[in-house]
Amino acid sequence: MSKHVSFEHVLEPYPLDSLLPKRGINADKFTALYPEYDGRDVVIAILDTGVDPFAAGMQTTTTGERKLIDIIDTTGSGDVDTSKIVAAKDGVIEGLSGRKLKIPDDWSNTSGEYRIGIKPLFDFFPQNLKKRITQQRREKLWDSQNNTSLAEVKERISKFDKSLDNKILENLEALYKVLDESSSKFPDLGPVCDIVVWEDDWLWRVCIDTSFCGELSTCKVVSPYKDSFDVAFFGDEDMLSYTINVYDNGDVLSVVTTSGSHGTHVAAIAAANFPDEPARNGIAPGAQLVSIKIGDSRLSSMETGTSLVRAIDYCCRNKVDLINLSFGEASKWNNTGVIADAIKTCVSKYNVCFVSSASNDGPSLSSLGSPGGTVDHVIGVGAYYMPEMMTAQYSCIDKQPLSFYHWSSRSPSRDGYQGISISAPGGAITSVPNWTLKHGRLMNGTSMASPNACGGIALIISGLKSLDVPYSPFSIKRVIENTAYRSSEFSTLTQGNGLLKVDAAFDYFKNETDILDNVSFKVSTNLTLSNRGIFVHESSRLARLFSVSVTIDPVFTESTSNRAKIEFSLHLSLCSTESWVRVPASFDLQSDERAFTVDLDPRGLSPGNHYAEILGFASNRTSLGPLFRCPVTVVKPDVCVNNRFDCPMRLYKPCRTFRQFIEVPSNVTSAEITFHSGGLTESRQKLMVFCAQWRPELTHRENTVSRYVSIFPDHSQRFSFKVIPGLMLQVTIARSLMSSKLVEASWSIVFTGLMPNSRTFTMMSSEPPFRIEATATTNPQDIQPFVSMKYSSTSYRPSESKISPLSSSRDISIDGRHSYQLELTYNFSHSGKSVEVTPSCPLLNDLLYESNYQSQLWMLCTSSKQVIGYGDYCAQKYSYVIDKGDYVIRLQIRSYSNDALETIKDIPLVLQTKLQAPVTLDVYRYPTLQSKITSVFCPAGITIPFYIATVNDEKLPKTVNTGAYLSGNVSFCRDSSARVWDCYPFYYVVCSKSKKESSDVNKSSKEKAENTLSMAIRDAKIAFIQSDHTLSEEDCLQLYEDLKKDAHSHIPLHQAYLNFLEKDTRRGASLHNIRDLCSELLTIFDTSEVLLYFAVKPDSRNESIKSEMEKKRNFIIDVQIKRLLATLDIFEKEHVCEPEDAIVSQWKELQKWVDVSESKYLKVYIGYHLYKENYGFALKALQKQYEDNTNKENLLKISMVFDQLGYAHIVDRIRNSLVFIRFPLRYPLF
């Protein structure tokens, strides 16, 4: 037996306390010193994807109170229309699915009224859960049954007796193919839930039928969470918890689930409580939470304006202490818009501290997101990591010193605002929702740093409340910034005011009195694009000394009295942290705004970024620290030599960032950057390279190009990108925390110029040859213009437009403002193959936090009301594939202003369609368009014109109509690989398309007018039959018989009467009459004569005879089809057939005239093969019919055939899922 070996002497204990780091902000020291100030008496609202109340650590606080005190969904993604009221009959109600729902005996409902709704189960599920459950359902409910069915058919095929009719084999093969394709033809969209809502003793009660068969006694009854703390699961398989809320007097039910795992993780960082494992606690385990879902399940958990406005209003109404928003987006401009205003009001008027992530778009400067880095009063949080996190969270071998994640966004905002208030640890391994089937997981981001800081602030507030020390969001923000630890290793643009220190901030509050907690100071300047700070990077300012006016405006809390404002007076001492910024020494400030002048002299600064602050202190209370800060950022570029810049060999250390600013020459359009490995590079390593230019009113994402560059010994790597001439270029090089090896590299950047005469081109199809120009500005170039368009776009005006107030309590703000909605309906059709479409509303595109409207949300639906997908402000995120058919786009735009909505009632919607193949335009050297261009040599400084020809209509896709436009790019470089990036937008507007004349110009669609009175009377009577007024069947028959005496061979007469009998309301009772009439008509017309005529080549010289024969042939075919269909229906109803099998003989007769397998004869083809029990042929045709005409009747007919064959798994999927989801009773709620 081998000897047991012990490793205890070499194994280190697991660093549990670093899974969710508290040491970085000194939260561990603080709670050790003040264990009762652990967040108790503090409420934090988590605005995120929702929090799972069953997740680990989310049950109770340290004092045993309930952790989650409310759970709501402000997105509307879980809303169900429950406006329909029904009464139980014999203890049963009929759900909207048609299922009989048995009311359990123990339900109490004194009114006897129930509200009912319906919702697909998967609409509640997050995307990842939907994938897991779909796979499980496939394995459990589909694969075994379908594979068994396939095997049975395959066995019948293999044993087929070839001496039998080959059609039998073909039918079996068709059946096998149908079964094999059934999974894709009938996808699993999940079951549909009936929902019952009723009021009992003033408490709403809700039951979701998760039995999916009406057995409500097996389902849990829940009430609104805030009233009852009821939580339920949909099932043991999914483990997705849900709660409910009821709005609009019961008309709307909100089923609240999580749209992702992000929110639970964030909540756990802030306030998780593990009584048995305190090392795993969140920062403030004693705090209580409110879960507010702002991540919309319909939009892959994207936040919306609606959800944010509702959420912020809830927090104001319910007086939460803190908001944590670990969401944010890049914005085009800062600190303005409906949402930004709501945030500022929430803080200044309702005393809520607002903490938010600074964004994950670093490491370039000015990469902050909204609202965390751009909105006044928000505590924006950057993200760093500590050595112990590398071991506990990332399992690194080598520890690195404290540093910032490369992706943590950097200051300043585009208007000069500092943006990052403080920084906190940006990673944790902690709880996630139960539906993930995980206890916890690692996540990192400023999304994790924000709740870490928010939890730390909760500790401070908990202590302040206990000691009855006054505070406000203004003083909290100022104090944590003034007491943060500033590391000398990192610039303020990276760390903000420093690393949050909870203990230092709390001591400040304890030790200082009269800290001006009722006032904040708004800083603004008179610079055009930099009005909340001073941000200088323009060459015109860098070369001279200049002055800036700085305005300080006191902003008071709502509770500040007029007497306090009158008595407010500050004698301020001003100073600058850098000598190149000169400020006045003293500044007197009363309760209104006042300005002072600052002198800046950037002339002596070296190339690079420089940061200074203008600080204002109370002259008699300097211990309070700065009362306000005006950030000053100056970026000075290096100058190129001969359009080239070289960065010498240097070391790029792990976890460190390097920046270089370069003045881009005014005559260039592209840059190529080349990296060369140095001798100290040991193995293949990666550098992250970010190249950014600051263009106004564009997001930092639009202004940045990023690449991974592999560096290894004796190797060079390069990439190219487009630049804006004359605009400073910021090159930032970073390495991730997982990189442990040194990288030595040099790099150079070379600028070249091939400048077009415009940065955007729009060509009209009606124009003569379209002229474009290109100039080789820096060096000789080979020019080869290439125009390729990948999309077509069509603009639609709304067919319906309606403005209405939103009555829900969710949509009336705390200050009494009503929200209004503009509902717009757009209709369009698509013919042809499947295509990818992207709807967008150009006026509102790419605007969320900065928008002057609350939100927009659209749903793309089929004509049967099935939702294909949703989208919002970020149009390019939401593309969907559609098939042939009619479609509806419903767009909702919300605003507090009815007048604002009135101005856009006719707003166009653009539908972008991806072309099956790109359309290219021919380019010529001369306007005569005689020979296409290949390549032209262009000497430096020379401009060469080119000419683009219009597109032949044959090259345009059939779906592109007059008024549409094609979009793509034009490139000028000869290198085809460079066309991906060195290109310019090109639009081609289709002004008109030529119309083809009919090939048969003599063919007339109407009978020529008859000149005789008798014929005119006859035609009027026929029209009367056709119009189907109040004519009885007897009167119509009599009129038909009278007319037939003189016009027995007049085709329109017989067509009119047949159509009369074929009307839906009378067809069932007229089947025998239809069959008999059709048989009679086939004896009136000489069918053999018509067959003989078309058996030989028709004489094209006599068009009138040909036209007459075609009319007769078409009529005979139509009559034969109607007769066969009537005979088939008679058999189905009466199960009898004429002697010698009339159906077969009629079928064979029809085959003489047409190819019955063609699409236009599907109905009779299906009917015949169902009669013959050729289910393979029938199902194949039924599927084709359903694809051509997607309606509920056709789908149910398919399920009927599968039912006859005993394929229960397919029948169940169609009848209990697809029928309801593809053909809903109404559109879903917005």
# chains A, B, ... in the order shown; residues from 1 in each chain; ligands from 1

call {"tool": "select_by_dssp", "arguments": {"residues": "range 217-253 of chain A", "states": "alpha helix (DSSP H)", "output": "PyMOL selection string"}}
result
chain A and resi 225-228

call {"tool": "select_by_dssp", "arguments": {"residues": "range 769-968 of chain A", "states": "strand (DSSP E)", "output": "ChimeraX atom specification"}}
result
/A:770-776,781-796,800-805,820-830,835-840,855-862,867-871,880-882,885-895,909-921,923-924,936-938,943-948,965-968

call {"tool": "closest_atom_pairs", "arguments": {"of": "range 1-109 of chain A", "to": "range 301-305 of chain A", "cutoff": "10 Å", "atoms": "only C-alpha atoms", "output": "CSV"}}
result
residue,atom,partner,partner_atom,distance
A:Leu47,CA,A:Glu303,CA,9.5
A:Asp48,CA,A:Glu303,CA,8.1
A:Thr49,CA,A:Ser301,CA,6.4
A:Gly50,CA,A:Ser301,CA,9.8
A:Thr74,CA,A:Thr304,CA,9.3
A:Thr75,CA,A:Thr304,CA,7.1
A:Ser77,CA,A:Ser301,CA,9.9

call {"tool": "write_last_selection", "arguments": {"atoms": "N, CA, C and O atoms", "output": "PDB file, in the first residue's frame"}}
result
ATOM      1  N   LEU A  47     -30.819  49.132 -10.679  1.00  0.00           N
ATOM      2  CA  LEU A  47     -31.405  49.298 -12.012  1.00  0.00           C
ATOM      3  C   LEU A  47     -30.579  48.465 -12.979  1.00  0.00           C
ATOM      4  O   LEU A  47     -29.464  48.851 -13.361  1.00  0.00           O
ATOM      5  N   ASP A  48     -31.114  47.309 -13.377  1.00  0.00           N
ATOM      6  CA  ASP A  48     -30.285  46.365 -14.126  1.00  0.00           C
ATOM      7  C   ASP A  48     -31.189  45.366 -14.863  1.00  0.00           C
ATOM      8  O   ASP A  48     -32.299  45.725 -15.253  1.00  0.00           O
ATOM      9  N   THR A  49     -30.718  44.136 -14.980  1.00  0.00           N
ATOM     10  CA  THR A  49     -31.485  43.097 -15.674  1.00  0.00           C
ATOM     11  C   THR A  49     -32.439  42.369 -14.746  1.00  0.00           C
ATOM     12  O   THR A  49     -33.075  41.395 -15.150  1.00  0.00           O
ATOM     13  N   GLY A  50     -32.543  42.845 -13.516  1.00  0.00           N
ATOM     14  CA  GLY A  50     -33.391  42.190 -12.523  1.00  0.00           C
ATOM     15  C   GLY A  50     -32.559  41.324 -11.593  1.00  0.00           C
ATOM     16  O   GLY A  50     -31.471  40.857 -11.941  1.00  0.00           O
ATOM     17  N   THR A  74     -39.736  47.721 -15.322  1.00  0.00           N
ATOM     18  CA  THR A  74     -40.173  48.967 -15.948  1.00  0.00           C
ATOM     19  C   THR A  74     -40.054  48.942 -17.467  1.00  0.00           C
ATOM     20  O   THR A  74     -40.352  49.928 -18.127  1.00  0.00           O
ATOM     21  N   THR A  75     -39.630  47.806 -18.028  1.00  0.00           N
ATOM     22  CA  THR A  75     -39.436  47.733 -19.484  1.00  0.00           C
ATOM     23  C   THR A  75     -40.732  47.491 -20.248  1.00  0.00           C
ATOM     24  O   THR A  75     -40.864  47.895 -21.395  1.00  0.00           O
ATOM     25  N   SER A  77     -41.540  44.425 -20.971  1.00  0.00           N
ATOM     26  CA  SER A  77     -41.333  43.171 -21.698  1.00  0.00           C
ATOM     27  C   SER A  77     -42.112  42.012 -21.100  1.00  0.00           C
ATOM     28  O   SER A  77     -42.372  41.018 -21.778  1.00  0.00           O
TER      29      SER A  77
END

call {"tool": "closest_atom_pairs", "arguments": {"of": "range 50-104 of chain A", "to": "range 122-142 of chain A", "cutoff": "12 Å", "atoms": "only C-alpha atoms", "output": "CSV"}}
result
residue,atom,partner,partner_atom,distance
A:Gly50,CA,A:Pro126,CA,10.9
A:Asp73,CA,A:Phe124,CA,11.6
A:Gly76,CA,A:Phe124,CA,11.1
A:Ser77,CA,A:Phe124,CA,7.8
A:Gly78,CA,A:Phe124,CA,6.3
A:Asp79,CA,A:Phe124,CA,9.6
A:Val80,CA,A:Asp123,CA,10.6

call {"tool": "closest_residue", "arguments": {"among": "A:Gly533, A:Ile72, A:Ile103, A:Ser677", "to": "Arg310 in chain A", "atoms": "only C-alpha atoms"}}
result
A:Ile72

call {"tool": "residues_around", "arguments": {"residues": "Ser748 in chain A", "least_positions_apart": "2", "cutoff": "12 Å", "atoms": "only C-alpha atoms", "output": "tab-separated table (two decimals) with all heavy atoms, in the first residue's frame"}}
result
chain	number	residue	atom	x	y	z
A	640	CYS	N	4.44	65.34	-37.35
A	640	CYS	CA	5.00	64.40	-38.31
A	640	CYS	C	6.11	65.05	-39.12
A	640	CYS	O	6.11	66.27	-39.34
A	640	CYS	CB	3.91	63.92	-39.27
A	640	CYS	SG	2.65	62.92	-38.49
A	641	VAL	N	7.02	64.23	-39.57
A	641	VAL	CA	8.07	64.67	-40.49
A	641	VAL	C	7.88	63.91	-41.79
A	641	VAL	O	7.92	62.68	-41.81
A	641	VAL	CB	9.48	64.40	-39.91
A	641	VAL	CG1	10.55	64.82	-40.91
A	641	VAL	CG2	9.66	65.13	-38.59
A	643	ASN	N	5.17	63.40	-43.39
A	643	ASN	CA	3.98	62.55	-43.25
A	643	ASN	C	4.29	61.22	-42.55
A	643	ASN	O	3.62	60.21	-42.81
A	643	ASN	CB	3.34	62.27	-44.62
A	643	ASN	CG	2.81	63.53	-45.25
A	643	ASN	OD1	2.33	64.43	-44.56
A	643	ASN	ND2	2.91	63.62	-46.57
A	644	ARG	N	5.26	61.26	-41.66
A	644	ARG	CA	5.65	60.02	-40.96
A	644	ARG	C	5.97	60.35	-39.51
A	644	ARG	O	6.54	61.39	-39.19
A	644	ARG	CB	6.87	59.40	-41.65
A	644	ARG	CG	7.39	58.12	-40.97
A	644	ARG	CD	8.69	57.66	-41.59
A	644	ARG	NE	9.20	56.48	-40.91
A	644	ARG	CZ	9.05	55.23	-41.34
A	644	ARG	NH1	8.41	55.01	-42.48
A	644	ARG	NH2	9.55	54.22	-40.66
A	645	PHE	N	5.57	59.43	-38.61
A	645	PHE	CA	5.95	59.54	-37.21
A	645	PHE	C	6.53	58.21	-36.76
A	645	PHE	O	5.97	57.15	-37.04
A	645	PHE	CB	4.75	59.91	-36.33
A	645	PHE	CG	5.08	59.97	-34.87
A	645	PHE	CD1	5.67	61.09	-34.34
A	645	PHE	CD2	4.84	58.87	-34.04
A	645	PHE	CE1	6.01	61.14	-32.99
A	645	PHE	CE2	5.18	58.92	-32.70
A	645	PHE	CZ	5.76	60.06	-32.17
A	646	ASP	N	7.66	58.29	-36.03
A	646	ASP	CA	8.32	57.08	-35.53
A	646	ASP	C	8.35	57.09	-34.02
A	646	ASP	O	8.75	58.08	-33.40
A	646	ASP	CB	9.76	57.01	-36.07
A	646	ASP	CG	9.79	56.77	-37.57
A	646	ASP	OD1	9.51	55.65	-37.99
A	646	ASP	OD2	10.09	57.75	-38.31
A	647	CYS	N	7.92	55.98	-33.45
A	647	CYS	CA	8.01	55.79	-32.00
A	647	CYS	C	9.15	54.80	-31.75
A	647	CYS	O	9.12	53.66	-32.24
A	647	CYS	CB	6.71	55.24	-31.44
A	647	CYS	SG	6.72	55.05	-29.64
A	648	PRO	N	10.18	55.20	-31.00
A	648	PRO	CA	11.36	54.34	-30.84
A	648	PRO	C	11.04	53.08	-30.04
A	648	PRO	O	9.98	52.95	-29.42
A	648	PRO	CB	12.34	55.24	-30.09
A	648	PRO	CG	11.48	56.24	-29.39
A	648	PRO	CD	10.30	56.46	-30.28
A	649	MET	N	11.98	52.17	-30.03
A	649	MET	CA	11.85	50.92	-29.30
A	649	MET	C	11.61	51.19	-27.81
A	649	MET	O	12.29	52.00	-27.20
A	649	MET	CB	13.12	50.08	-29.49
A	649	MET	CG	12.99	48.63	-29.07
A	649	MET	SD	11.95	47.68	-30.21
A	649	MET	CE	12.95	47.67	-31.71
A	660	GLN	N	0.15	58.08	-27.42
A	660	GLN	CA	0.90	58.99	-28.29
A	660	GLN	C	-0.11	59.82	-29.06
A	660	GLN	O	-1.08	59.28	-29.61
A	660	GLN	CB	1.79	58.19	-29.26
A	660	GLN	CG	2.69	59.05	-30.10
A	660	GLN	CD	3.87	59.59	-29.30
A	660	GLN	OE1	4.59	58.84	-28.66
A	660	GLN	NE2	4.04	60.91	-29.31
A	662	ILE	N	-0.63	62.52	-32.17
A	662	ILE	CA	0.05	62.87	-33.41
A	662	ILE	C	-0.81	63.87	-34.18
A	662	ILE	O	-2.03	63.67	-34.32
A	662	ILE	CB	0.31	61.62	-34.28
A	662	ILE	CG1	1.12	60.59	-33.47
A	662	ILE	CG2	1.02	61.99	-35.56
A	662	ILE	CD1	1.15	59.21	-34.11
A	671	ALA	N	-3.78	56.08	-42.90
A	671	ALA	CA	-2.56	55.85	-42.13
A	671	ALA	C	-2.26	54.37	-42.10
A	671	ALA	O	-3.17	53.54	-42.04
A	671	ALA	CB	-2.71	56.40	-40.72
A	672	GLU	N	-0.97	54.06	-42.12
A	672	GLU	CA	-0.51	52.67	-41.95
A	672	GLU	C	0.45	52.64	-40.79
A	672	GLU	O	1.44	53.36	-40.77
A	672	GLU	CB	0.16	52.16	-43.22
A	672	GLU	CG	0.59	50.70	-43.09
A	672	GLU	CD	1.27	50.17	-44.34
A	672	GLU	OE1	2.43	50.59	-44.59
A	672	GLU	OE2	0.65	49.39	-45.08
A	673	ILE	N	0.13	51.82	-39.80
A	673	ILE	CA	0.98	51.70	-38.61
A	673	ILE	C	1.66	50.34	-38.64
A	673	ILE	O	1.02	49.31	-38.89
A	673	ILE	CB	0.15	51.91	-37.32
A	673	ILE	CG1	1.05	51.94	-36.09
A	673	ILE	CG2	-0.95	50.89	-37.17
A	673	ILE	CD1	0.33	52.44	-34.83
A	674	THR	N	2.98	50.35	-38.42
A	674	THR	CA	3.79	49.12	-38.51
A	674	THR	C	4.53	48.91	-37.20
A	674	THR	O	5.18	49.83	-36.69
A	674	THR	CB	4.80	49.21	-39.67
A	674	THR	OG1	4.10	49.49	-40.88
A	674	THR	CG2	5.56	47.91	-39.82
A	675	PHE	N	4.42	47.71	-36.66
A	675	PHE	CA	5.10	47.34	-35.41
A	675	PHE	C	6.27	46.42	-35.72
A	675	PHE	O	6.15	45.49	-36.53
A	675	PHE	CB	4.13	46.64	-34.46
A	675	PHE	CG	3.12	47.56	-33.83
A	675	PHE	CD1	1.96	47.90	-34.51
A	675	PHE	CD2	3.34	48.11	-32.58
A	675	PHE	CE1	1.03	48.75	-33.94
A	675	PHE	CE2	2.42	48.95	-32.00
A	675	PHE	CZ	1.26	49.30	-32.68
A	676	HIS	N	7.40	46.69	-35.03
A	676	HIS	CA	8.59	45.85	-35.17
A	676	HIS	C	8.97	45.31	-33.79
A	676	HIS	O	9.04	46.07	-32.81
A	676	HIS	CB	9.77	46.66	-35.73
A	676	HIS	CG	9.49	47.26	-37.08
A	676	HIS	ND1	9.61	46.56	-38.25
A	676	HIS	CD2	9.06	48.51	-37.42
A	676	HIS	CE1	9.30	47.34	-39.27
A	676	HIS	NE2	8.96	48.53	-38.79
A	716	SER	N	7.31	41.64	-37.99
A	716	SER	CA	6.65	42.92	-38.13
A	716	SER	C	5.18	42.69	-38.46
A	716	SER	O	4.83	41.70	-39.11
A	716	SER	CB	7.29	43.76	-39.25
A	716	SER	OG	8.63	44.06	-38.95
A	717	GLN	N	4.34	43.58	-37.99
A	717	GLN	CA	2.92	43.50	-38.32
A	717	GLN	C	2.37	44.91	-38.53
A	717	GLN	O	2.76	45.84	-37.82
A	717	GLN	CB	2.13	42.78	-37.23
A	717	GLN	CG	0.68	42.51	-37.63
A	717	GLN	CD	-0.02	41.57	-36.68
A	717	GLN	OE1	0.62	40.87	-35.92
A	717	GLN	NE2	-1.35	41.55	-36.73
A	718	ARG	N	1.46	45.03	-39.48
A	718	ARG	CA	0.92	46.34	-39.79
A	718	ARG	C	-0.57	46.28	-40.03
A	718	ARG	O	-1.12	45.21	-40.34
A	718	ARG	CB	1.63	46.93	-41.01
A	718	ARG	CG	1.47	46.10	-42.29
A	718	ARG	CD	2.07	46.82	-43.50
A	718	ARG	NE	3.44	47.20	-43.30
A	718	ARG	CZ	4.50	46.43	-43.58
A	718	ARG	NH1	4.30	45.22	-44.08
A	718	ARG	NH2	5.72	46.86	-43.37
A	719	PHE	N	-1.20	47.39	-39.88
A	719	PHE	CA	-2.59	47.53	-40.31
A	719	PHE	C	-2.82	48.99	-40.71
A	719	PHE	O	-2.07	49.89	-40.31
A	719	PHE	CB	-3.59	47.07	-39.24
A	719	PHE	CG	-3.65	47.93	-38.02
A	719	PHE	CD1	-4.51	49.03	-37.93
A	719	PHE	CD2	-2.85	47.65	-36.91
A	719	PHE	CE1	-4.57	49.81	-36.79
A	719	PHE	CE2	-2.91	48.43	-35.77
A	719	PHE	CZ	-3.78	49.52	-35.71
A	720	SER	N	-3.85	49.21	-41.51
A	720	SER	CA	-4.15	50.53	-42.03
A	720	SER	C	-5.54	50.95	-41.63
A	720	SER	O	-6.41	50.12	-41.33
A	720	SER	CB	-4.02	50.54	-43.56
A	720	SER	OG	-2.72	50.17	-43.96
A	731	VAL	N	-3.12	57.56	-30.41
A	731	VAL	CA	-2.77	56.14	-30.49
A	731	VAL	C	-2.54	55.64	-29.07
A	731	VAL	O	-1.65	56.14	-28.37
A	731	VAL	CB	-1.52	55.90	-31.36
A	731	VAL	CG1	-1.16	54.41	-31.38
A	731	VAL	CG2	-1.74	56.41	-32.78
A	745	ALA	N	8.95	46.72	-28.47
A	745	ALA	CA	8.56	46.98	-29.86
A	745	ALA	C	8.75	48.45	-30.18
A	745	ALA	O	8.70	49.32	-29.30
A	745	ALA	CB	7.11	46.57	-30.10
A	746	SER	N	8.99	48.71	-31.43
A	746	SER	CA	8.94	50.07	-31.97
A	746	SER	C	7.83	50.09	-33.01
A	746	SER	O	7.39	49.04	-33.49
A	746	SER	CB	10.28	50.46	-32.60
A	746	SER	OG	10.54	49.63	-33.74
A	750	VAL	N	2.72	55.96	-41.09
A	750	VAL	CA	2.92	56.70	-42.34
A	750	VAL	C	1.57	57.12	-42.87
A	750	VAL	O	0.65	56.30	-43.01
A	750	VAL	CB	3.67	55.84	-43.38
A	750	VAL	CG1	3.81	56.61	-44.70
A	750	VAL	CG2	5.04	55.43	-42.86
A	751	PHE	N	1.44	58.41	-43.16
A	751	PHE	CA	0.18	58.96	-43.68
A	751	PHE	C	0.29	59.15	-45.19
A	751	PHE	O	1.33	59.58	-45.71
A	751	PHE	CB	-0.13	60.31	-43.03
A	751	PHE	CG	-0.35	60.23	-41.55
A	751	PHE	CD1	0.68	60.52	-40.66
A	751	PHE	CD2	-1.58	59.87	-41.05
A	751	PHE	CE1	0.48	60.45	-39.30
A	751	PHE	CE2	-1.80	59.80	-39.68
A	751	PHE	CZ	-0.76	60.09	-38.80

call {"tool": "closest_atom_pairs", "arguments": {"of": "range 881-959 of chain A", "to": "range 780-803 of chain A", "cutoff": "10 Å", "atoms": "only C-alpha atoms", "output": "CSV"}}
result
residue,atom,partner,partner_atom,distance
A:Val888,CA,A:Ser799,CA,10.0
A:Ile889,CA,A:Pro798,CA,9.3
A:Arg890,CA,A:Pro798,CA,9.2
A:Leu891,CA,A:Pro798,CA,9.4
A:Gln892,CA,A:Ile803,CA,9.7
A:Ile893,CA,A:Ile803,CA,9.4
A:Arg894,CA,A:Ile803,CA,9.5
A:Asn898,CA,A:Ile803,CA,7.6
A:Asp899,CA,A:Ile803,CA,10.0
A:Leu901,CA,A:Ile803,CA,7.4
A:Glu902,CA,A:Ile803,CA,7.7
A:Ile904,CA,A:Ser801,CA,9.8
A:Lys905,CA,A:Ser801,CA,6.2
A:Asp906,CA,A:Pro798,CA,6.3
A:Ile907,CA,A:Arg797,CA,6.6
A:Pro908,CA,A:Arg797,CA,4.8
A:Leu909,CA,A:Tyr796,CA,5.3
A:Val910,CA,A:Ser795,CA,4.4
A:Leu911,CA,A:Thr794,CA,5.4
A:Gln912,CA,A:Ser793,CA,4.3
A:Thr913,CA,A:Ser792,CA,5.2
A:Lys914,CA,A:Tyr791,CA,4.6
A:Leu915,CA,A:Tyr791,CA,5.3
A:Gln916,CA,A:Lys790,CA,8.2
A:Ala917,CA,A:Lys790,CA,7.0
A:Pro918,CA,A:Lys790,CA,4.6
A:Val919,CA,A:Met789,CA,5.2
A:Thr920,CA,A:Ser788,CA,4.5
A:Leu921,CA,A:Val787,CA,5.5
A:Asp922,CA,A:Val787,CA,7.6
A:Val923,CA,A:Pro785,CA,6.8
A:Tyr924,CA,A:Pro785,CA,9.0
A:Arg925,CA,A:Pro785,CA,9.8
A:Ile933,CA,A:Gln784,CA,7.2
A:Thr934,CA,A:Gln784,CA,6.1
A:Ser935,CA,A:Gln784,CA,4.7
A:Val936,CA,A:Ile783,CA,5.1
A:Phe937,CA,A:Asp782,CA,4.6
A:Cys938,CA,A:Gln781,CA,5.2
A:Pro939,CA,A:Pro780,CA,4.3
A:Ala940,CA,A:Pro780,CA,4.6
A:Gly941,CA,A:Pro780,CA,8.2
A:Ile942,CA,A:Pro780,CA,8.8
A:Ile944,CA,A:Ile783,CA,9.1
A:Phe946,CA,A:Pro785,CA,8.0
A:Tyr947,CA,A:Pro785,CA,9.6
A:Ile948,CA,A:Val787,CA,8.7
A:Leu956,CA,A:Ser792,CA,9.9
A:Pro957,CA,A:Ser792,CA,9.0
A:Thr959,CA,A:Ser792,CA,8.8
